>>> print(open('target-v3.pdb').read())   # PDB, C-alpha atoms
ATOM      1  CA  MET I  11      36.705  10.393  -5.603
ATOM      2  CA  GLU I  12      34.253  11.635  -2.999
ATOM      3  CA  HIS I  13      30.735  10.279  -2.540
ATOM      4  CA  ALA I  14      28.146  11.562  -0.050
ATOM      5  CA  THR I  15      25.155   9.397   0.857
ATOM      6  CA  ILE I  16      22.178  10.320   3.017
ATOM      7  CA  ILE I  17      20.109   7.484   4.483
ATOM      8  CA  GLY I  18      16.753   8.397   6.040
ATOM      9  CA  GLY I  19      13.773   6.579   7.509
ATOM     10  CA  PHE I  20      11.933   5.678  10.693
ATOM     11  CA  GLY I  21      13.807   4.772  13.843
ATOM     12  CA  GLY I  22      13.952   0.982  13.995
ATOM     13  CA  GLN I  23      14.601   0.552  10.264
ATOM     14  CA  GLY I  24      18.349   0.246  10.772
ATOM     15  CA  ILE I  25      19.235   3.654   9.352
ATOM     16  CA  LEU I  26      22.285   4.228  11.538
ATOM     17  CA  PHE I  27      23.385   0.604  11.137
ATOM     18  CA  ALA I  28      23.293   0.894   7.333
ATOM     19  CA  GLY I  29      25.451   4.011   7.585
ATOM     20  CA  GLN I  30      27.896   2.257   9.889
ATOM     21  CA  THR I  31      28.070  -0.692   7.513
ATOM     22  CA  LEU I  32      28.785   1.564   4.551
ATOM     23  CA  ALA I  33      31.440   3.428   6.551
ATOM     24  CA  GLN I  34      33.071   0.182   7.701
ATOM     25  CA  ALA I  35      33.165  -1.111   4.114
ATOM     26  CA  ALA I  36      34.986   2.038   3.031
ATOM     27  CA  LEU I  37      37.440   1.745   5.928
ATOM     28  CA  LEU I  38      38.194  -1.823   4.875
ATOM     29  CA  GLU I  39      39.169  -0.397   1.483
ATOM     30  CA  GLY I  40      41.487   2.155   3.098
ATOM     31  CA  ARG I  41      39.269   5.151   2.306
ATOM     32  CA  ALA I  42      38.631   8.288   4.365
ATOM     33  CA  VAL I  43      35.182   8.192   5.974
ATOM     34  CA  SER I  44      32.825  10.504   7.812
ATOM     35  CA  TRP I  45      29.643   9.116   9.423
ATOM     36  CA  MET I  46      27.224  11.575  10.995
ATOM     37  CA  PRO I  47      23.935  10.384  12.543
ATOM     38  CA  SER I  48      20.874  12.557  13.114
ATOM     39  CA  TYR I  49      17.863  11.449  15.107
ATOM     40  CA  GLY I  50      15.243  12.779  17.460
ATOM     41  CA  PRO I  51      14.507  11.718  21.015
ATOM     42  CA  GLU I  52      12.145   8.970  19.868
ATOM     43  CA  MET I  53      13.330   5.402  20.398
ATOM     44  CA  ARG I  54      11.374   3.845  17.535
ATOM     45  CA  GLY I  55       8.994   5.321  15.025
ATOM     46  CA  GLY I  56      10.547   8.788  14.896
ATOM     47  CA  THR I  57      12.684   9.904  11.991
ATOM     48  CA  ALA I  58      16.371   9.182  11.791
ATOM     49  CA  SER I  59      19.035   9.793   9.191
ATOM     50  CA  CYS I  60      22.742   9.637   8.712
ATOM     51  CA  THR I  61      25.207  11.064   6.257
ATOM     52  CA  VAL I  62      28.185   9.038   5.101
ATOM     53  CA  VAL I  63      30.955  10.706   3.134
ATOM     54  CA  ILE I  64      33.572   8.441   1.551
ATOM     55  CA  ALA I  65      36.652   9.797  -0.197
ATOM     56  CA  ASP I  66      40.075   8.903  -1.475
ATOM     57  CA  HIS I  67      41.438  12.035   0.229
ATOM     58  CA  PRO I  68      40.939  13.760   3.600
ATOM     59  CA  ILE I  69      37.344  14.895   4.113
ATOM     60  CA  GLY I  70      36.953  18.596   4.850
ATOM     61  CA  SER I  71      33.488  18.450   6.418
ATOM     62  CA  PRO I  72      31.085  15.709   7.525
ATOM     63  CA  ILE I  73      28.167  17.865   6.381
ATOM     64  CA  ALA I  74      26.882  17.234   2.875
ATOM     65  CA  ASP I  75      25.038  20.193   1.387
ATOM     66  CA  VAL I  76      24.565  18.109  -1.754
ATOM     67  CA  ALA I  77      24.384  14.318  -1.786
ATOM     68  CA  ASP I  78      25.433  11.959  -4.551
ATOM     69  CA  SER I  79      22.910   9.376  -3.375
ATOM     70  CA  VAL I  80      19.901   9.317  -1.067
ATOM     71  CA  ILE I  81      18.148   6.304   0.418
ATOM     72  CA  ALA I  82      14.585   7.191   1.464
ATOM     73  CA  LEU I  83      12.883   4.455   3.472
ATOM     74  CA  ASN I  84       9.749   6.427   4.418
ATOM     75  CA  PRO I  85       7.729   9.357   3.025
ATOM     76  CA  PRO I  86       9.051  12.011   5.462
ATOM     77  CA  SER I  87      12.636  11.109   4.567
ATOM     78  CA  MET I  88      11.962  11.402   0.854
ATOM     79  CA  ALA I  89      10.356  14.803   1.395
ATOM     80  CA  LYS I  90      13.242  15.950   3.585
ATOM     81  CA  HIS I  91      16.223  14.657   1.582
ATOM     82  CA  GLU I  92      15.194  14.450  -2.075
ATOM     83  CA  HIS I  93      16.023  18.111  -2.715
ATOM     84  CA  LEU I  94      19.590  17.574  -1.414
ATOM     85  CA  LEU I  95      20.370  15.136  -4.213
ATOM     86  CA  ALA I  96      22.743  16.386  -6.909
ATOM     87  CA  PRO I  97      21.475  16.337 -10.508
ATOM     88  CA  GLY I  98      22.245  12.898 -11.917
ATOM     89  CA  GLY I  99      22.380  11.432  -8.412
ATOM     90  CA  LEU I 100      20.651   8.235  -7.305
ATOM     91  CA  LEU I 101      17.464   8.192  -5.220
ATOM     92  CA  VAL I 102      16.738   4.748  -3.723
ATOM     93  CA  VAL I 103      13.061   4.611  -2.710
ATOM     94  CA  ASN I 104      11.437   2.013  -0.452
ATOM     95  CA  SER I 105       8.342   1.268  -2.535
ATOM     96  CA  SER I 106       6.932  -0.767   0.369
ATOM     97  CA  LEU I 107       6.164   2.493   2.222
ATOM     98  CA  ILE I 108       6.459   5.281  -0.346
ATOM     99  CA  GLU I 109       3.748   5.532  -2.968
ATOM    100  CA  ALA I 110       4.412   9.112  -4.069
ATOM    101  CA  GLU I 111       6.474   9.689  -7.173
ATOM    102  CA  PRO I 112       9.689  11.655  -6.674
ATOM    103  CA  GLY I 113       9.393  15.334  -7.567
ATOM    104  CA  ARG I 114      12.657  15.359  -9.504
ATOM    105  CA  GLU I 115      13.251  14.523 -13.140
ATOM    106  CA  ASP I 116      17.002  15.172 -13.079
ATOM    107  CA  VAL I 117      17.942  12.179 -10.905
ATOM    108  CA  GLU I 118      18.015   8.416 -11.290
ATOM    109  CA  VAL I 119      15.335   6.664  -9.220
ATOM    110  CA  LEU I 120      15.552   3.063  -8.056
ATOM    111  CA  THR I 121      12.415   1.734  -6.377
ATOM    112  CA  ILE I 122      12.869  -1.349  -4.225
ATOM    113  CA  PRO I 123      10.205  -3.186  -2.187
ATOM    114  CA  CYS I 124      12.561  -3.152   0.800
ATOM    115  CA  THR I 125      10.116  -4.494   3.381
ATOM    116  CA  GLU I 126       9.110  -7.452   1.237
ATOM    117  CA  LEU I 127      12.729  -8.309   0.408
ATOM    118  CA  ALA I 128      13.685  -7.936   4.085
ATOM    119  CA  ARG I 129      10.946 -10.426   5.044
ATOM    120  CA  VAL I 130      12.227 -12.877   2.436
ATOM    121  CA  ALA I 131      15.717 -12.499   3.926
ATOM    122  CA  GLY I 132      14.421 -13.200   7.420
ATOM    123  CA  HIS I 133      13.333 -10.020   9.218
ATOM    124  CA  ASP I 134      11.339  -6.816   8.575
ATOM    125  CA  ARG I 135      13.984  -4.722  10.272
ATOM    126  CA  LEU I 136      16.521  -5.377   7.507
ATOM    127  CA  VAL I 137      14.971  -2.832   5.122
ATOM    128  CA  SER I 138      18.015  -0.566   5.269
ATOM    129  CA  VAL I 139      20.369  -3.423   4.409
ATOM    130  CA  VAL I 140      18.206  -4.261   1.384
ATOM    131  CA  ALA I 141      18.340  -0.610   0.280
ATOM    132  CA  LEU I 142      22.105  -0.575   0.792
ATOM    133  CA  GLY I 143      22.372  -3.504  -1.616
ATOM    134  CA  GLY I 144      20.358  -1.609  -4.227
ATOM    135  CA  LEU I 145      22.548   1.466  -3.784
ATOM    136  CA  ILE I 146      25.775  -0.492  -4.279
ATOM    137  CA  ALA I 147      24.331  -2.286  -7.315
ATOM    138  CA  ARG I 148      23.690   1.060  -9.034
ATOM    139  CA  ARG I 149      26.607   3.083  -7.606
ATOM    140  CA  PRO I 150      29.506   0.760  -6.708
ATOM    141  CA  PHE I 151      31.611   3.417  -4.955
ATOM    142  CA  VAL I 152      32.576   0.645  -2.505
ATOM    143  CA  ASP I 153      32.896  -2.985  -3.478
ATOM    144  CA  ALA I 154      29.993  -5.306  -2.635
ATOM    145  CA  GLU I 155      32.425  -7.753  -1.059
ATOM    146  CA  SER I 156      33.625  -4.980   1.284
ATOM    147  CA  VAL I 157      30.028  -4.446   2.404
ATOM    148  CA  ARG I 158      29.632  -8.180   3.035
ATOM    149  CA  GLN I 159      32.842  -8.171   5.079
ATOM    150  CA  ALA I 160      31.616  -5.148   7.041
ATOM    151  CA  LEU I 161      28.390  -7.035   7.824
ATOM    152  CA  VAL I 162      30.426 -10.026   8.987
ATOM    153  CA  GLU I 163      32.436  -7.770  11.304
ATOM    154  CA  LEU I 164      29.547  -5.668  12.629
ATOM    155  CA  VAL I 165      26.808  -8.296  12.907
ATOM    156  CA  GLY I 166      28.970 -11.343  13.510
ATOM    157  CA  ARG I 167      30.617  -9.714  16.514
ATOM    158  CA  HIS I 168      27.413  -9.135  18.496
ATOM    159  CA  HIS I 169      24.657 -11.156  16.804
ATOM    160  CA  PRO I 170      26.136 -14.020  14.797
ATOM    161  CA  GLU I 171      22.703 -15.650  14.657
ATOM    162  CA  LEU I 172      21.497 -12.722  12.488
ATOM    163  CA  LEU I 173      24.404 -12.693  10.052
ATOM    164  CA  ASP I 174      22.869 -14.974   7.426
ATOM    165  CA  ALA I 175      19.709 -12.830   7.292
ATOM    166  CA  ASP I 176      21.737  -9.620   6.949
ATOM    167  CA  LEU I 177      23.824 -11.076   4.130
ATOM    168  CA  ALA I 178      20.682 -12.375   2.390
ATOM    169  CA  ALA I 179      19.044  -8.936   2.715
ATOM    170  CA  PHE I 180      22.078  -7.205   1.207
ATOM    171  CA  ASP I 181      22.315  -9.728  -1.622
ATOM    172  CA  GLY I 182      18.565  -9.419  -2.284
ATOM    173  CA  GLY I 183      18.869  -5.644  -2.632
ATOM    174  CA  LEU I 184      21.995  -6.019  -4.749
ATOM    175  CA  ALA I 185      20.227  -8.412  -7.133
ATOM    176  CA  HIS I 186      17.123  -6.218  -7.313
ATOM    177  CA  GLY I 187      19.197  -3.122  -8.039
ATOM    178  CA  ALA I 188      21.160  -4.891 -10.755
ATOM    179  CA  GLU I 189      18.033  -6.255 -12.467
ATOM    180  CA  THR I 190      15.720  -3.274 -12.142
ATOM    181  CA  VAL I 191      15.299  -0.701 -14.886
ATOM    182  CA  VAL I 192      15.527   2.669 -13.199
ATOM    183  CA  LEU I 193      13.827   5.929 -14.033
ATOM    184  CA  THR I 194      16.423   8.210 -15.581
ATOM    185  CA  PRO I 195      16.559  11.955 -16.008
ATOM    186  CA  ALA I 196      14.354  13.334 -18.762
ATOM    187  CA  SER I 197      16.159  13.953 -22.026
TER
END
>>> encode(input="target-v3.pdb", output="structure tokens")
Amino acid sequence: MEHATIIGGFGGQGILFAGQTLAQAALLEGRAVSWMPSYGPEMRGGTASCTVVIADHPIGSPIADVADSVIALNPPSMAKHEHLLAPGGLLVVNSSLIEAEPGREDVEVLTIPCTELARVAGHDRLVSVVALGGLIARRPFVDAESVRQALVELVGRHHPELLDADLAAFDGGLAHGAETVVLTPAS
């Protein structure tokens, strides 16, 4: 098994944190992991992305020419990463910021109102954690409990006061992804 995920959005949306959380969850399961961030010089508001490759064998390259899943949290990220998605892959779209329809008919599309669900969980900045929950609901290549444990380790270590909100954001995305009918490839 090998699964490549690209997460993209604005700086400040927790893009790199979501990637770290996914990578930590895979490490907790004893998997091989590659996490590669990409961001510009902007502190907040610029674009950021990261690629996480998880495998049951050694990973040859951290670069994913084709992704199995893409999380797009803003319009520029959808435009930049949608074409990298493999046919049959999963595109998780933040419908709070992205109104445009995806240009692909050969992928599964899950739209999640990430900003609204993040607010319900406790903070606008948890949009990436919400999206991560939706991703794992549709493509459980790591166990949801491993993601929760990764959040406990990563958030609990430095910001224990934020842990409940992070867990609620993940669970909100997980529930939304499990309940939502997704757009599937055209027959």
>>> resolve_selection(input="target-v3.pdb", expression="the PyMOL selection byres ((chain I and resi 82) around 9)", output="PyMOL selection string")
chain I and resi 16-19+80-81+83-89+91-92+101-104+108+141
>>> residues_around(input="target-v3.pdb", residues="I:Asp153", least_positions_apart="6", cutoff="9 Å", atoms="only C-alpha atoms", output="PDB file with C-alpha atoms, in the frame of the given file")
ATOM      1  CA  ALA I  35      33.165  -1.111   4.114  1.00  0.00           C
ATOM      2  CA  ALA I  36      34.986   2.038   3.031  1.00  0.00           C
ATOM      3  CA  GLU I  39      39.169  -0.397   1.483  1.00  0.00           C
ATOM      4  CA  ILE I 146      25.775  -0.492  -4.279  1.00  0.00           C
TER       5      ILE I 146
END
>>> closest_residue(input="target-v3.pdb", among="I:Glu12, I:Gly183, I:Thr121, I:Gly24", to="I:Gly70", atoms="all atoms listed in the file")
I:Glu12
>>> atom_distance(input="target-v3.pdb", atom1="atom CA of I:Glu155", atom2="atom CA of I:Met46")
23.4 Å
>>> resolve_selection(input="target-v3.pdb", expression="the PyMOL selection byres ((chain I and resi 156-165) around 10)", output="PyMOL selection string")
chain I and resi 27-28+30-39+139+142-143+146+152-155+166-174+176-178+180-181
>>> resolve_selection(input="target-v3.pdb", expression="the PyMOL selection byres ((chain I and resi 119) around 12)", output="ChimeraX atom specification")
/I:79-82,88,92,95,97-105,111-118,120-122,144-145,148-149,187,190-196
>>> write_last_selection(input="target-v3.pdb", atoms="C-alpha atoms", output="mmCIF file, in the coordinates of the input")
data_model
loop_
_atom_site.group_PDB
_atom_site.id
_atom_site.type_symbol
_atom_site.label_atom_id
_atom_site.label_comp_id
_atom_site.auth_asym_id
_atom_site.auth_seq_id
_atom_site.Cartn_x
_atom_site.Cartn_y
_atom_site.Cartn_z
ATOM 1 C CA SER I 79 22.910 9.376 -3.375
ATOM 2 C CA VAL I 80 19.901 9.317 -1.067
ATOM 3 C CA ILE I 81 18.148 6.304 0.418
ATOM 4 C CA ALA I 82 14.585 7.191 1.464
ATOM 5 C CA MET I 88 11.962 11.402 0.854
ATOM 6 C CA GLU I 92 15.194 14.450 -2.075
ATOM 7 C CA LEU I 95 20.370 15.136 -4.213
ATOM 8 C CA PRO I 97 21.475 16.337 -10.508
ATOM 9 C CA GLY I 98 22.245 12.898 -11.917
ATOM 10 C CA GLY I 99 22.380 11.432 -8.412
ATOM 11 C CA LEU I 100 20.651 8.235 -7.305
ATOM 12 C CA LEU I 101 17.464 8.192 -5.220
ATOM 13 C CA VAL I 102 16.738 4.748 -3.723
ATOM 14 C CA VAL I 103 13.061 4.611 -2.710
ATOM 15 C CA ASN I 104 11.437 2.013 -0.452
ATOM 16 C CA SER I 105 8.342 1.268 -2.535
ATOM 17 C CA GLU I 111 6.474 9.689 -7.173
ATOM 18 C CA PRO I 112 9.689 11.655 -6.674
ATOM 19 C CA GLY I 113 9.393 15.334 -7.567
ATOM 20 C CA ARG I 114 12.657 15.359 -9.504
ATOM 21 C CA GLU I 115 13.251 14.523 -13.140
ATOM 22 C CA ASP I 116 17.002 15.172 -13.079
ATOM 23 C CA VAL I 117 17.942 12.179 -10.905
ATOM 24 C CA GLU I 118 18.015 8.416 -11.290
ATOM 25 C CA LEU I 120 15.552 3.063 -8.056
ATOM 26 C CA THR I 121 12.415 1.734 -6.377
ATOM 27 C CA ILE I 122 12.869 -1.349 -4.225
ATOM 28 C CA GLY I 144 20.358 -1.609 -4.227
ATOM 29 C CA LEU I 145 22.548 1.466 -3.784
ATOM 30 C CA ARG I 148 23.690 1.060 -9.034
ATOM 31 C CA ARG I 149 26.607 3.083 -7.606
ATOM 32 C CA GLY I 187 19.197 -3.122 -8.039
ATOM 33 C CA THR I 190 15.720 -3.274 -12.142
ATOM 34 C CA VAL I 191 15.299 -0.701 -14.886
ATOM 35 C CA VAL I 192 15.527 2.669 -13.199
ATOM 36 C CA LEU I 193 13.827 5.929 -14.033
ATOM 37 C CA THR I 194 16.423 8.210 -15.581
ATOM 38 C CA PRO I 195 16.559 11.955 -16.008
ATOM 39 C CA ALA I 196 14.354 13.334 -18.762
#
>>> atom_distance(input="target-v3.pdb", atom1="atom CA of I:Ala42", atom2="atom CA of I:Ala175")
28.5 Å
>>> atom_distance(input="target-v3.pdb", atom1="atom CA of I:His186", atom2="atom CA of I:Trp45")
25.9 Å
>>> residues_around(input="target-v3.pdb", residues="I:Gln23", least_positions_apart="3", cutoff="7 Å", atoms="only C-alpha atoms", output="ChimeraX atom specification")
/I:19-20,135-138
>>> closest_residue(input="target-v3.pdb", among="I:Ser44, I:Ala77, I:Ala147, I:Asp66", to="I:Thr15", atoms="only C-alpha atoms")
I:Ala77
>>> closest_residue(input="target-v3.pdb", among="I:Gly29, I:Gly22, I:Asp78, I:Gly40", to="I:Gly56", atoms="only C-alpha atoms")
I:Gly22
>>> build_atoms(input="target-v3.pdb", residues="stretch 27-47 of chain I", atoms="N, CA and C atoms", output="PDB file, in the coordinates of the input")
ATOM      1  N   PHE I  27      22.614   1.816  11.411  1.00  0.00           N
ATOM      2  CA  PHE I  27      23.385   0.604  11.137  1.00  0.00           C
ATOM      3  C   PHE I  27      23.822   0.544   9.676  1.00  0.00           C
ATOM      4  N   ALA I  28      22.928   0.896   8.758  1.00  0.00           N
ATOM      5  CA  ALA I  28      23.293   0.894   7.333  1.00  0.00           C
ATOM      6  C   ALA I  28      24.438   1.878   7.086  1.00  0.00           C
ATOM      7  N   GLY I  29      24.375   3.036   7.720  1.00  0.00           N
ATOM      8  CA  GLY I  29      25.451   4.011   7.585  1.00  0.00           C
ATOM      9  C   GLY I  29      26.763   3.492   8.146  1.00  0.00           C
ATOM     10  N   GLN I  30      26.688   2.836   9.297  1.00  0.00           N
ATOM     11  CA  GLN I  30      27.896   2.257   9.889  1.00  0.00           C
ATOM     12  C   GLN I  30      28.483   1.171   8.990  1.00  0.00           C
ATOM     13  N   THR I  31      27.610   0.377   8.399  1.00  0.00           N
ATOM     14  CA  THR I  31      28.070  -0.692   7.513  1.00  0.00           C
ATOM     15  C   THR I  31      28.777  -0.109   6.294  1.00  0.00           C
ATOM     16  N   LEU I  32      28.178   0.906   5.704  1.00  0.00           N
ATOM     17  CA  LEU I  32      28.785   1.564   4.551  1.00  0.00           C
ATOM     18  C   LEU I  32      30.139   2.175   4.923  1.00  0.00           C
ATOM     19  N   ALA I  33      30.183   2.829   6.081  1.00  0.00           N
ATOM     20  CA  ALA I  33      31.440   3.428   6.551  1.00  0.00           C
ATOM     21  C   ALA I  33      32.502   2.364   6.803  1.00  0.00           C
ATOM     22  N   GLN I  34      32.118   1.259   7.426  1.00  0.00           N
ATOM     23  CA  GLN I  34      33.071   0.182   7.701  1.00  0.00           C
ATOM     24  C   GLN I  34      33.597  -0.426   6.401  1.00  0.00           C
ATOM     25  N   ALA I  35      32.724  -0.580   5.410  1.00  0.00           N
ATOM     26  CA  ALA I  35      33.165  -1.111   4.114  1.00  0.00           C
ATOM     27  C   ALA I  35      34.228  -0.208   3.496  1.00  0.00           C
ATOM     28  N   ALA I  36      34.009   1.095   3.582  1.00  0.00           N
ATOM     29  CA  ALA I  36      34.986   2.038   3.031  1.00  0.00           C
ATOM     30  C   ALA I  36      36.300   1.991   3.808  1.00  0.00           C
ATOM     31  N   LEU I  37      36.220   1.857   5.116  1.00  0.00           N
ATOM     32  CA  LEU I  37      37.440   1.745   5.928  1.00  0.00           C
ATOM     33  C   LEU I  37      38.228   0.497   5.560  1.00  0.00           C
ATOM     34  N   LEU I  38      37.520  -0.593   5.289  1.00  0.00           N
ATOM     35  CA  LEU I  38      38.194  -1.823   4.875  1.00  0.00           C
ATOM     36  C   LEU I  38      38.950  -1.636   3.560  1.00  0.00           C
ATOM     37  N   GLU I  39      38.505  -0.701   2.748  1.00  0.00           N
ATOM     38  CA  GLU I  39      39.169  -0.397   1.483  1.00  0.00           C
ATOM     39  C   GLU I  39      40.232   0.688   1.632  1.00  0.00           C
ATOM     40  N   GLY I  40      40.453   1.151   2.855  1.00  0.00           N
ATOM     41  CA  GLY I  40      41.487   2.155   3.098  1.00  0.00           C
ATOM     42  C   GLY I  40      41.071   3.566   2.724  1.00  0.00           C
ATOM     43  N   ARG I  41      39.775   3.836   2.684  1.00  0.00           N
ATOM     44  CA  ARG I  41      39.269   5.151   2.306  1.00  0.00           C
ATOM     45  C   ARG I  41      39.078   6.036   3.545  1.00  0.00           C
ATOM     46  N   ALA I  42      39.005   7.339   3.314  1.00  0.00           N
ATOM     47  CA  ALA I  42      38.631   8.288   4.365  1.00  0.00           C
ATOM     48  C   ALA I  42      37.110   8.247   4.498  1.00  0.00           C
ATOM     49  N   VAL I  43      36.616   8.339   5.729  1.00  0.00           N
ATOM     50  CA  VAL I  43      35.182   8.192   5.974  1.00  0.00           C
ATOM     51  C   VAL I  43      34.716   9.192   7.026  1.00  0.00           C
ATOM     52  N   SER I  44      33.522   9.710   6.807  1.00  0.00           N
ATOM     53  CA  SER I  44      32.825  10.504   7.812  1.00  0.00           C
ATOM     54  C   SER I  44      31.417   9.933   7.932  1.00  0.00           C
ATOM     55  N   TRP I  45      30.984   9.645   9.156  1.00  0.00           N
ATOM     56  CA  TRP I  45      29.643   9.116   9.423  1.00  0.00           C
ATOM     57  C   TRP I  45      28.997  10.028  10.452  1.00  0.00           C
ATOM     58  N   MET I  46      27.869  10.643  10.083  1.00  0.00           N
ATOM     59  CA  MET I  46      27.224  11.575  10.995  1.00  0.00           C
ATOM     60  C   MET I  46      25.742  11.223  11.145  1.00  0.00           C
ATOM     61  N   PRO I  47      25.340  10.721  12.323  1.00  0.00           N
ATOM     62  CA  PRO I  47      23.935  10.384  12.543  1.00  0.00           C
ATOM     63  C   PRO I  47      23.122  11.610  12.939  1.00  0.00           C
TER      64      PRO I  47
END
